[in-house]
>>> print(open('model-v4.txt').read())   # compact mmCIF, C-alpha atoms
# COMPACT_ATOMS: atom_id res chain seq x y z
CA LYS I 526 124.67 245.37 188.52
CA ALA I 527 128.29 245.54 187.40
CA GLY I 528 129.86 242.38 186.00
CA VAL I 529 133.19 240.82 186.83
CA THR I 530 135.92 243.40 186.33
CA GLN I 531 139.48 242.43 185.53
CA THR I 532 142.38 244.84 185.43
CA PRO I 533 144.48 245.53 183.57
CA ARG I 534 143.05 244.43 180.22
CA TYR I 535 146.46 244.05 178.61
CA LEU I 536 149.88 243.60 180.12
CA ILE I 537 153.35 243.20 178.66
CA LYS I 538 156.18 241.88 180.80
CA THR I 539 159.62 240.42 180.26
CA ARG I 540 160.94 237.07 181.39
CA GLY I 541 161.90 236.93 185.04
CA GLN I 542 159.56 239.70 186.11
CA GLN I 543 156.52 239.21 188.28
CA VAL I 544 152.98 240.33 187.65
CA THR I 545 149.80 240.89 189.65
CA LEU I 546 146.36 240.67 188.10
CA SER I 547 143.22 241.94 189.77
CA CYS I 548 139.64 240.73 189.75
CA SER I 549 136.58 242.40 191.24
CA PRO I 550 133.67 239.97 191.44
CA ILE I 551 130.02 240.76 191.12
CA SER I 552 128.70 242.34 194.29
CA GLY I 553 127.66 239.65 196.76
CA HIS I 554 129.65 236.87 195.12
CA ARG I 555 131.98 235.14 197.52
CA SER I 556 133.65 232.64 195.20
CA VAL I 557 136.35 233.73 192.77
CA SER I 558 138.08 231.36 190.38
CA TRP I 559 140.98 231.91 188.01
CA TYR I 560 141.63 230.24 184.67
CA GLN I 561 144.44 230.37 182.15
CA GLN I 562 143.60 230.23 178.45
CA THR I 563 146.25 229.51 175.81
CA PRO I 564 145.98 228.29 172.22
CA GLY I 565 148.01 225.19 173.05
CA GLN I 566 146.61 224.11 176.42
CA GLY I 567 143.14 225.61 176.21
CA LEU I 568 141.33 226.62 179.37
CA GLN I 569 142.90 225.40 182.58
CA PHE I 570 141.78 225.92 186.16
CA LEU I 571 144.29 227.74 188.37
CA PHE I 572 142.61 228.13 191.75
CA GLU I 573 139.43 229.08 193.53
CA TYR I 574 138.92 231.23 196.59
CA PHE I 575 135.90 231.41 198.83
CA SER I 576 135.65 233.79 201.76
CA GLU I 577 139.39 234.52 201.65
CA THR I 578 140.36 230.83 201.70
CA GLN I 579 141.77 228.85 198.81
CA ARG I 580 139.29 226.06 198.29
CA ASN I 581 140.73 224.34 195.22
CA LYS I 582 143.95 224.48 193.27
CA GLY I 583 144.80 223.32 189.78
CA ASN I 584 148.00 221.75 188.56
CA PHE I 585 150.23 224.81 188.22
CA PRO I 586 153.68 225.50 189.66
CA GLY I 587 154.13 227.45 192.85
CA ARG I 588 155.02 230.54 190.84
CA PHE I 589 151.30 231.01 190.46
CA SER I 590 149.61 232.24 193.59
CA GLY I 591 146.53 234.12 194.57
CA ARG I 592 144.62 235.63 197.39
CA GLN I 593 141.20 236.98 198.19
CA PHE I 594 140.41 239.98 200.31
CA SER I 595 137.58 240.50 202.77
CA ASN I 596 135.58 242.37 200.12
CA SER I 597 135.90 239.28 197.84
CA ARG I 598 138.23 241.04 195.41
CA SER I 599 140.98 238.72 194.31
CA GLU I 600 144.47 239.01 192.95
CA MET I 601 146.68 236.47 191.30
CA ASN I 602 150.42 236.75 191.13
CA VAL I 603 152.89 235.09 188.81
CA SER I 604 156.53 235.32 189.78
CA THR I 605 159.59 234.71 187.62
CA LEU I 606 157.63 234.95 184.41
CA GLU I 607 158.34 232.54 181.58
CA LEU I 608 157.47 232.88 177.90
CA GLY I 609 154.92 230.10 178.34
CA ASP I 610 152.98 232.19 180.82
CA SER I 611 151.70 234.33 177.96
CA ALA I 612 147.97 233.77 178.05
CA LEU I 613 144.54 235.19 178.64
CA TYR I 614 143.82 235.01 182.35
CA LEU I 615 140.14 234.79 183.15
CA CYS I 616 138.48 235.40 186.46
CA ALA I 617 135.03 234.10 187.33
CA SER I 618 132.80 234.75 190.29
CA SER I 619 129.78 233.00 191.74
CA LEU I 620 127.60 233.18 194.79
CA ASP I 621 128.77 229.79 196.03
CA LEU I 622 129.40 226.21 194.96
CA ASN I 623 127.52 224.90 191.96
CA GLU I 624 126.16 228.33 191.23
CA LYS I 625 126.44 229.97 187.84
CA LEU I 626 129.91 231.29 187.08
CA PHE I 627 130.18 234.77 185.64
CA PHE I 628 133.39 235.44 183.73
CA GLY I 629 135.27 238.66 183.24
CA SER I 630 136.76 239.66 179.88
CA GLY I 631 140.20 238.63 181.04
CA THR I 632 143.70 240.05 181.22
CA GLN I 633 145.86 239.35 178.19
CA LEU I 634 149.41 238.82 179.43
CA SER I 635 152.30 238.82 176.99
CA VAL I 636 155.73 237.77 178.22
CA LEU I 637 158.63 238.86 176.01
CA ALA H 880 142.10 209.39 182.41
CA GLN H 881 139.55 212.06 183.13
CA SER H 882 138.84 214.17 180.07
CA VAL H 883 136.37 216.27 178.16
CA THR H 884 136.45 215.77 174.41
CA GLN H 885 135.07 218.03 171.73
CA PRO H 886 135.92 216.16 168.55
CA ASP H 887 135.12 219.00 166.15
CA ILE H 888 137.68 221.79 166.14
CA HIS H 889 135.84 223.89 163.58
CA ILE H 890 132.31 223.71 162.17
CA THR H 891 130.81 225.81 159.40
CA VAL H 892 127.05 226.06 158.96
CA SER H 893 124.76 228.20 156.88
CA GLU H 894 122.54 230.71 158.58
CA GLY H 895 119.20 229.10 159.32
CA ALA H 896 120.59 225.58 159.34
CA SER H 897 120.52 223.35 162.40
CA LEU H 898 123.56 222.85 164.58
CA GLU H 899 124.90 220.09 166.79
CA LEU H 900 128.17 220.37 168.69
CA ARG H 901 129.51 217.21 170.26
CA CYS H 902 130.90 216.72 173.73
CA ASN H 903 132.00 213.52 175.44
CA TYR H 904 133.34 213.21 178.95
CA SER H 905 135.23 210.57 180.81
CA TYR H 906 134.66 210.63 184.55
CA GLY H 907 133.79 207.97 187.08
CA ALA H 908 130.46 209.42 188.16
CA THR H 909 128.05 211.74 186.45
CA PRO H 910 129.64 215.15 186.64
CA TYR H 911 127.96 218.50 186.44
CA LEU H 912 127.95 219.50 182.76
CA PHE H 913 128.06 222.92 181.13
CA TRP H 914 128.23 224.64 177.78
CA TYR H 915 129.89 228.05 177.51
CA VAL H 916 130.28 230.41 174.56
CA GLN H 917 133.15 232.83 174.00
CA SER H 918 133.11 235.64 171.47
CA PRO H 919 136.45 237.06 170.28
CA GLY H 920 138.19 239.06 172.97
CA GLN H 921 135.51 238.28 175.51
CA GLY H 922 135.07 236.13 178.55
CA LEU H 923 132.85 233.08 178.73
CA GLN H 924 129.08 233.12 178.93
CA LEU H 925 127.10 230.19 180.29
CA LEU H 926 124.60 228.79 177.78
CA LEU H 927 123.20 225.98 179.90
CA LYS H 928 124.02 223.46 182.58
CA TYR H 929 122.98 219.97 183.67
CA PHE H 930 123.10 218.82 187.25
CA SER H 931 120.37 216.18 187.43
CA GLY H 932 116.79 215.50 186.43
CA ASP H 933 115.45 215.99 182.92
CA THR H 934 118.18 215.04 180.49
CA LEU H 935 117.11 217.63 177.92
CA VAL H 936 118.21 221.04 179.11
CA GLN H 937 117.10 224.36 177.68
CA GLY H 938 119.46 227.30 177.68
CA ILE H 939 119.73 230.86 176.53
CA LYS H 940 119.75 232.06 172.92
CA GLY H 941 117.65 229.09 171.78
CA PHE H 942 120.23 226.43 172.62
CA GLU H 943 119.50 223.06 174.18
CA ALA H 944 121.61 220.09 175.19
CA GLU H 945 120.88 216.47 175.87
CA PHE H 946 122.66 214.38 178.47
CA LYS H 947 123.08 210.74 177.47
CA ARG H 948 124.59 208.70 180.28
CA SER H 949 125.05 205.57 178.15
CA GLN H 950 127.17 207.52 175.66
CA SER H 951 128.83 209.87 178.20
CA SER H 952 127.76 212.69 175.93
CA PHE H 953 126.29 216.15 176.36
CA ASN H 954 125.73 217.50 172.85
CA LEU H 955 124.63 221.06 172.20
CA ARG H 956 121.96 221.77 169.61
CA LYS H 957 120.19 224.69 168.00
CA PRO H 958 117.44 224.27 165.38
CA SER H 959 118.24 227.42 163.40
CA VAL H 960 121.58 229.19 163.60
CA HIS H 961 121.90 232.98 163.42
CA TRP H 962 124.95 234.85 162.19
CA SER H 963 125.47 236.18 165.72
CA ASP H 964 126.04 232.61 166.96
CA ALA H 965 129.50 232.59 165.39
CA ALA H 966 131.86 232.09 168.33
CA GLU H 967 133.86 229.46 170.19
CA TYR H 968 131.89 226.92 172.19
CA PHE H 969 133.26 225.07 175.18
CA CYS H 970 131.91 222.04 176.95
CA ALA H 971 132.94 221.81 180.60
CA VAL H 972 132.48 219.56 183.60
CA VAL H 973 132.80 219.81 187.33
CA PRO H 974 133.78 216.29 188.29
CA GLN H 975 132.65 216.39 191.87
CA THR H 976 130.48 218.27 194.24
CA GLY H 977 132.10 220.64 196.67
CA ALA H 978 134.14 222.27 193.95
CA ASN H 979 133.77 225.04 191.45
CA ASN H 980 136.68 224.01 189.25
CA LEU H 981 135.62 223.56 185.65
CA PHE H 982 137.45 221.23 183.30
CA PHE H 983 137.03 222.41 179.74
CA GLY H 984 137.10 220.73 176.39
CA THR H 985 139.31 222.18 173.67
CA GLY H 986 136.46 224.09 172.12
CA THR H 987 134.64 224.14 168.79
CA ARG H 988 134.84 227.22 166.63
CA LEU H 989 131.59 227.92 164.82
CA THR H 990 131.53 229.85 161.57
CA VAL H 991 128.17 230.92 160.16
CA ILE H 992 127.91 231.69 156.45
CA PRO H 993 125.09 233.74 154.95
>>> encode(input="model-v4.txt", output="structure tokens")
Amino acid sequence: KAGVTQTPRYLIKTRGQQVTLSCSPISGHRSVSWYQQTPGQGLQFLFEYFSETQRNKGNFPGRFSGRQFSNSRSEMNVSTLELGDSALYLCASSLDLNEKLFFGSGTQLSVL
Amino acid sequence: AQSVTQPDIHITVSEGASLELRCNYSYGATPYLFWYVQSPGQGLQLLLKYFSGDTLVQGIKGFEAEFKRSQSSFNLRKPSVHWSDAAEYFCAVVPQTGANNLFFGTGTRLTVIP
């Protein structure tokens, strides 16, 4: 069974641009969560989607958005990139609430 | 304020020695508690979790953790560390049911020396 797949693995953007990251969950998993990991702030929850609906949202500005498709694949978008958005973005999937989360290897975003 | 605290930023142990990583949480009710491990350049892997019941939880790779309500702690232990255990360890909580959002501690980096 394939794990959680995140693409691309690495990304370099410049300030002001926008970026879209993709996450394919484990087959059958309906919940997809996104996390941002930085050396300064650590791991922070961005949002969670379940059956195409955003179920929870962390404390991030509106520049950060996401969506989930009918096949459970998810994308997150960051508009008007800032230097501080440089981070490892991790996606995790699970069958449902309170089930084990499986993490992908992440997308390393660098904003120049 | 709600928080998860891992007081040790970096721990060094000798291979074969015992290990204890500390985690304290501050939430109104007993949250769901987790320990994750992250190797360099990798995502997070769940070691173990506590929802309810027996306060001593067994996980993968020989790890265990004990929930102590009176101390708001959920410390991770391993009796004999292997060189492959070198990684970053994160304690996390889900503060309520009906949510999958994990709140993480700042992590403890484990170095294992031969």
>>> closest_residue(input="model-v4.txt", among="I:Val529, I:Leu637, I:Leu536, I:Leu608", to="chain H", atoms="all atoms listed in the file")
I:Val529
>>> interface_residues(input="model-v4.txt", of="chain I", to="chain H", cutoff="12 Å", atoms="all atoms listed in the file", output="PyMOL selection string")
chain I and resi 528-531+534-535+555-575+579-584+613-633
>>> write_last_selection(input="model-v4.txt", atoms="C-alpha atoms", output="compact mmCIF listing (two decimals), in the coordinates of the input")
# COMPACT_ATOMS: atom_id res chain seq x y z
CA GLY I 528 129.86 242.38 186.00
CA VAL I 529 133.19 240.82 186.83
CA THR I 530 135.92 243.40 186.33
CA GLN I 531 139.48 242.43 185.53
CA ARG I 534 143.05 244.43 180.22
CA TYR I 535 146.46 244.05 178.61
CA ARG I 555 131.98 235.14 197.52
CA SER I 556 133.65 232.64 195.20
CA VAL I 557 136.35 233.73 192.77
CA SER I 558 138.08 231.36 190.38
CA TRP I 559 140.98 231.91 188.01
CA TYR I 560 141.63 230.24 184.67
CA GLN I 561 144.44 230.37 182.15
CA GLN I 562 143.60 230.23 178.45
CA THR I 563 146.25 229.51 175.81
CA PRO I 564 145.98 228.29 172.22
CA GLY I 565 148.01 225.19 173.05
CA GLN I 566 146.61 224.11 176.42
CA GLY I 567 143.14 225.61 176.21
CA LEU I 568 141.33 226.62 179.37
CA GLN I 569 142.90 225.40 182.58
CA PHE I 570 141.78 225.92 186.16
CA LEU I 571 144.29 227.74 188.37
CA PHE I 572 142.61 228.13 191.75
CA GLU I 573 139.43 229.08 193.53
CA TYR I 574 138.92 231.23 196.59
CA PHE I 575 135.90 231.41 198.83
CA GLN I 579 141.77 228.85 198.81
CA ARG I 580 139.29 226.06 198.29
CA ASN I 581 140.73 224.34 195.22
CA LYS I 582 143.95 224.48 193.27
CA GLY I 583 144.80 223.32 189.78
CA ASN I 584 148.00 221.75 188.56
CA LEU I 613 144.54 235.19 178.64
CA TYR I 614 143.82 235.01 182.35
CA LEU I 615 140.14 234.79 183.15
CA CYS I 616 138.48 235.40 186.46
CA ALA I 617 135.03 234.10 187.33
CA SER I 618 132.80 234.75 190.29
CA SER I 619 129.78 233.00 191.74
CA LEU I 620 127.60 233.18 194.79
CA ASP I 621 128.77 229.79 196.03
CA LEU I 622 129.40 226.21 194.96
CA ASN I 623 127.52 224.90 191.96
CA GLU I 624 126.16 228.33 191.23
CA LYS I 625 126.44 229.97 187.84
CA LEU I 626 129.91 231.29 187.08
CA PHE I 627 130.18 234.77 185.64
CA PHE I 628 133.39 235.44 183.73
CA GLY I 629 135.27 238.66 183.24
CA SER I 630 136.76 239.66 179.88
CA GLY I 631 140.20 238.63 181.04
CA THR I 632 143.70 240.05 181.22
CA GLN I 633 145.86 239.35 178.19
>>> atom_distance(input="model-v4.txt", atom1="CA of Ser549 in chain I", atom2="CA of Ala612 in chain I")
19.4 Å
>>> residues_around(input="model-v4.txt", residues="Gly587 in chain I", least_positions_apart="2", cutoff="9 Å", atoms="only C-alpha atoms", output="ChimeraX atom specification")
/I:585,589-590,603-604
>>> axis_aligned_box(input="model-v4.txt", around="range 527-539 of chain I", padding_each_side="3 Å", output="JSON")
{"center_x": 144.0, "center_y": 243.0, "center_z": 183.0, "size_x": 37.3, "size_y": 11.1, "size_z": 14.8}
>>> atom_distance(input="model-v4.txt", atom1="CA of Glu899 in chain H", atom2="CA of Leu955 in chain H")
5.5 Å
>>> atom_distance(input="model-v4.txt", atom1="CA of Ser599 in chain I", atom2="CA of Cys548 in chain I")
5.2 Å
>>> residues_near_point(input="model-v4.txt", point="(123.0, 221.1, 176.7)", cutoff="10 Å", atoms="all atoms listed in the file", output="ChimeraX atom specification")
/H:900-902,912-915,926-929,934-938,942-946,952-957,970
>>> closest_residue(input="model-v4.txt", among="I:Glu600, I:Pro586, I:Ser611, I:Gly591", to="Pro533 in chain I", atoms="all atoms listed in the file")
I:Glu600
>>> residues_around(input="model-v4.txt", residues="Asn602 in chain I", least_positions_apart="6", cutoff="10 Å", atoms="only C-alpha atoms", output="list in words")
Gln543, Val544, Thr545, Leu546, Ser547, Arg588, Phe589, Ser590, Gly591 and Arg592 of chain I
>>> decode(input="model-v4.txt", residues="range 602-618 of chain I", atoms="all heavy atoms", output="mmCIF file, in the first residue's frame")
data_model
loop_
_atom_site.group_PDB
_atom_site.id
_atom_site.type_symbol
_atom_site.label_atom_id
_atom_site.label_comp_id
_atom_site.auth_asym_id
_atom_site.auth_seq_id
_atom_site.Cartn_x
_atom_site.Cartn_y
_atom_site.Cartn_z
ATOM 1 N N ASN I 602 -2.584 26.006 -0.969
ATOM 2 C CA ASN I 602 -2.122 27.144 -1.737
ATOM 3 C C ASN I 602 -1.674 28.243 -0.791
ATOM 4 O O ASN I 602 -2.328 28.495 0.222
ATOM 5 C CB ASN I 602 -3.258 27.646 -2.640
ATOM 6 C CG ASN I 602 -2.814 28.761 -3.552
ATOM 7 O OD1 ASN I 602 -2.779 29.910 -3.140
ATOM 8 N ND2 ASN I 602 -2.454 28.417 -4.764
ATOM 9 N N VAL I 603 -0.557 28.854 -1.131
ATOM 10 C CA VAL I 603 -0.105 30.031 -0.384
ATOM 11 C C VAL I 603 0.053 31.152 -1.390
ATOM 12 O O VAL I 603 0.814 31.024 -2.364
ATOM 13 C CB VAL I 603 1.218 29.787 0.345
ATOM 14 C CG1 VAL I 603 1.536 30.975 1.252
ATOM 15 C CG2 VAL I 603 1.177 28.498 1.150
ATOM 16 N N SER I 604 -0.653 32.219 -1.182
ATOM 17 C CA SER I 604 -0.568 33.357 -2.095
ATOM 18 C C SER I 604 0.344 34.430 -1.497
ATOM 19 O O SER I 604 0.614 34.449 -0.294
ATOM 20 C CB SER I 604 -1.955 33.932 -2.346
ATOM 21 O OG SER I 604 -2.515 34.421 -1.133
ATOM 22 N N THR I 605 0.798 35.306 -2.351
ATOM 23 C CA THR I 605 1.646 36.432 -1.937
ATOM 24 C C THR I 605 2.703 35.972 -0.932
ATOM 25 O O THR I 605 2.738 36.371 0.235
ATOM 26 C CB THR I 605 0.787 37.554 -1.321
ATOM 27 O OG1 THR I 605 -0.410 37.725 -2.063
ATOM 28 C CG2 THR I 605 1.572 38.869 -1.330
ATOM 29 N N LEU I 606 3.567 35.113 -1.401
ATOM 30 C CA LEU I 606 4.561 34.501 -0.525
ATOM 31 C C LEU I 606 5.442 35.525 0.179
ATOM 32 O O LEU I 606 5.826 36.554 -0.394
ATOM 33 C CB LEU I 606 5.444 33.546 -1.328
ATOM 34 C CG LEU I 606 4.817 32.205 -1.696
ATOM 35 C CD1 LEU I 606 5.637 31.501 -2.765
ATOM 36 C CD2 LEU I 606 4.689 31.317 -0.454
ATOM 37 N N GLU I 607 5.738 35.210 1.435
ATOM 38 C CA GLU I 607 6.661 36.011 2.249
ATOM 39 C C GLU I 607 7.850 35.141 2.619
ATOM 40 O O GLU I 607 7.783 33.911 2.603
ATOM 41 C CB GLU I 607 5.940 36.503 3.504
ATOM 42 C CG GLU I 607 4.725 37.343 3.232
ATOM 43 C CD GLU I 607 3.992 37.749 4.494
ATOM 44 O OE1 GLU I 607 4.452 37.365 5.600
ATOM 45 O OE2 GLU I 607 2.971 38.457 4.388
ATOM 46 N N LEU I 608 8.958 35.814 2.972
ATOM 47 C CA LEU I 608 10.168 35.067 3.345
ATOM 48 C C LEU I 608 9.879 34.088 4.474
ATOM 49 O O LEU I 608 10.407 32.974 4.500
ATOM 50 C CB LEU I 608 11.276 36.035 3.769
ATOM 51 C CG LEU I 608 11.810 36.969 2.686
ATOM 52 C CD1 LEU I 608 12.880 37.886 3.269
ATOM 53 C CD2 LEU I 608 12.369 36.183 1.512
ATOM 54 N N GLY I 609 9.023 34.495 5.390
ATOM 55 C CA GLY I 609 8.696 33.667 6.544
ATOM 56 C C GLY I 609 7.891 32.430 6.224
ATOM 57 O O GLY I 609 7.669 31.589 7.105
ATOM 58 N N ASP I 610 7.458 32.309 4.978
ATOM 59 C CA ASP I 610 6.706 31.115 4.583
ATOM 60 C C ASP I 610 7.638 29.958 4.241
ATOM 61 O O ASP I 610 7.172 28.845 3.994
ATOM 62 C CB ASP I 610 5.809 31.418 3.384
ATOM 63 C CG ASP I 610 4.745 32.461 3.691
ATOM 64 O OD1 ASP I 610 4.354 32.563 4.880
ATOM 65 O OD2 ASP I 610 4.325 33.169 2.761
ATOM 66 N N SER I 611 8.922 30.228 4.208
ATOM 67 C CA SER I 611 9.893 29.159 3.969
ATOM 68 C C SER I 611 9.779 28.121 5.077
ATOM 69 O O SER I 611 9.912 28.449 6.264
ATOM 70 C CB SER I 611 11.319 29.723 3.944
ATOM 71 O OG SER I 611 11.493 30.593 2.861
ATOM 72 N N ALA I 612 9.517 26.905 4.696
ATOM 73 C CA ALA I 612 9.249 25.868 5.693
ATOM 74 C C ALA I 612 9.135 24.522 5.013
ATOM 75 O O ALA I 612 9.083 24.414 3.788
ATOM 76 C CB ALA I 612 7.934 26.167 6.433
ATOM 77 N N LEU I 613 9.084 23.500 5.847
ATOM 78 C CA LEU I 613 8.711 22.158 5.395
ATOM 79 C C LEU I 613 7.216 22.021 5.619
ATOM 80 O O LEU I 613 6.738 22.208 6.742
ATOM 81 C CB LEU I 613 9.478 21.098 6.177
ATOM 82 C CG LEU I 613 9.182 19.634 5.834
ATOM 83 C CD1 LEU I 613 9.644 19.308 4.411
ATOM 84 C CD2 LEU I 613 9.846 18.695 6.834
ATOM 85 N N TYR I 614 6.482 21.725 4.576
ATOM 86 C CA TYR I 614 5.041 21.557 4.682
ATOM 87 C C TYR I 614 4.727 20.064 4.638
ATOM 88 O O TYR I 614 5.027 19.384 3.665
ATOM 89 C CB TYR I 614 4.318 22.329 3.575
ATOM 90 C CG TYR I 614 4.412 23.808 3.788
ATOM 91 C CD1 TYR I 614 5.495 24.537 3.284
ATOM 92 C CD2 TYR I 614 3.463 24.484 4.546
ATOM 93 C CE1 TYR I 614 5.606 25.901 3.523
ATOM 94 C CE2 TYR I 614 3.564 25.847 4.782
ATOM 95 C CZ TYR I 614 4.641 26.543 4.270
ATOM 96 O OH TYR I 614 4.758 27.889 4.512
ATOM 97 N N LEU I 615 4.116 19.614 5.709
ATOM 98 C CA LEU I 615 3.819 18.194 5.864
ATOM 99 C C LEU I 615 2.333 17.937 5.718
ATOM 100 O O LEU I 615 1.503 18.688 6.244
ATOM 101 C CB LEU I 615 4.283 17.703 7.242
ATOM 102 C CG LEU I 615 5.786 17.674 7.477
ATOM 103 C CD1 LEU I 615 6.099 17.526 8.960
ATOM 104 C CD2 LEU I 615 6.429 16.540 6.694
ATOM 105 N N CYS I 616 2.039 16.875 5.045
ATOM 106 C CA CYS I 616 0.660 16.429 4.885
ATOM 107 C C CYS I 616 0.511 15.104 5.630
ATOM 108 O O CYS I 616 1.449 14.295 5.659
ATOM 109 C CB CYS I 616 0.359 16.247 3.397
ATOM 110 S SG CYS I 616 -1.163 15.389 3.022
ATOM 111 N N ALA I 617 -0.638 14.920 6.228
ATOM 112 C CA ALA I 617 -0.907 13.666 6.935
ATOM 113 C C ALA I 617 -2.310 13.186 6.586
ATOM 114 O O ALA I 617 -3.221 13.995 6.424
ATOM 115 C CB ALA I 617 -0.793 13.861 8.440
ATOM 116 N N SER I 618 -2.465 11.885 6.481
ATOM 117 C CA SER I 618 -3.794 11.354 6.216
ATOM 118 C C SER I 618 -4.186 10.327 7.266
ATOM 119 O O SER I 618 -3.328 9.722 7.919
ATOM 120 C CB SER I 618 -3.862 10.736 4.814
ATOM 121 O OG SER I 618 -3.227 9.468 4.757
#
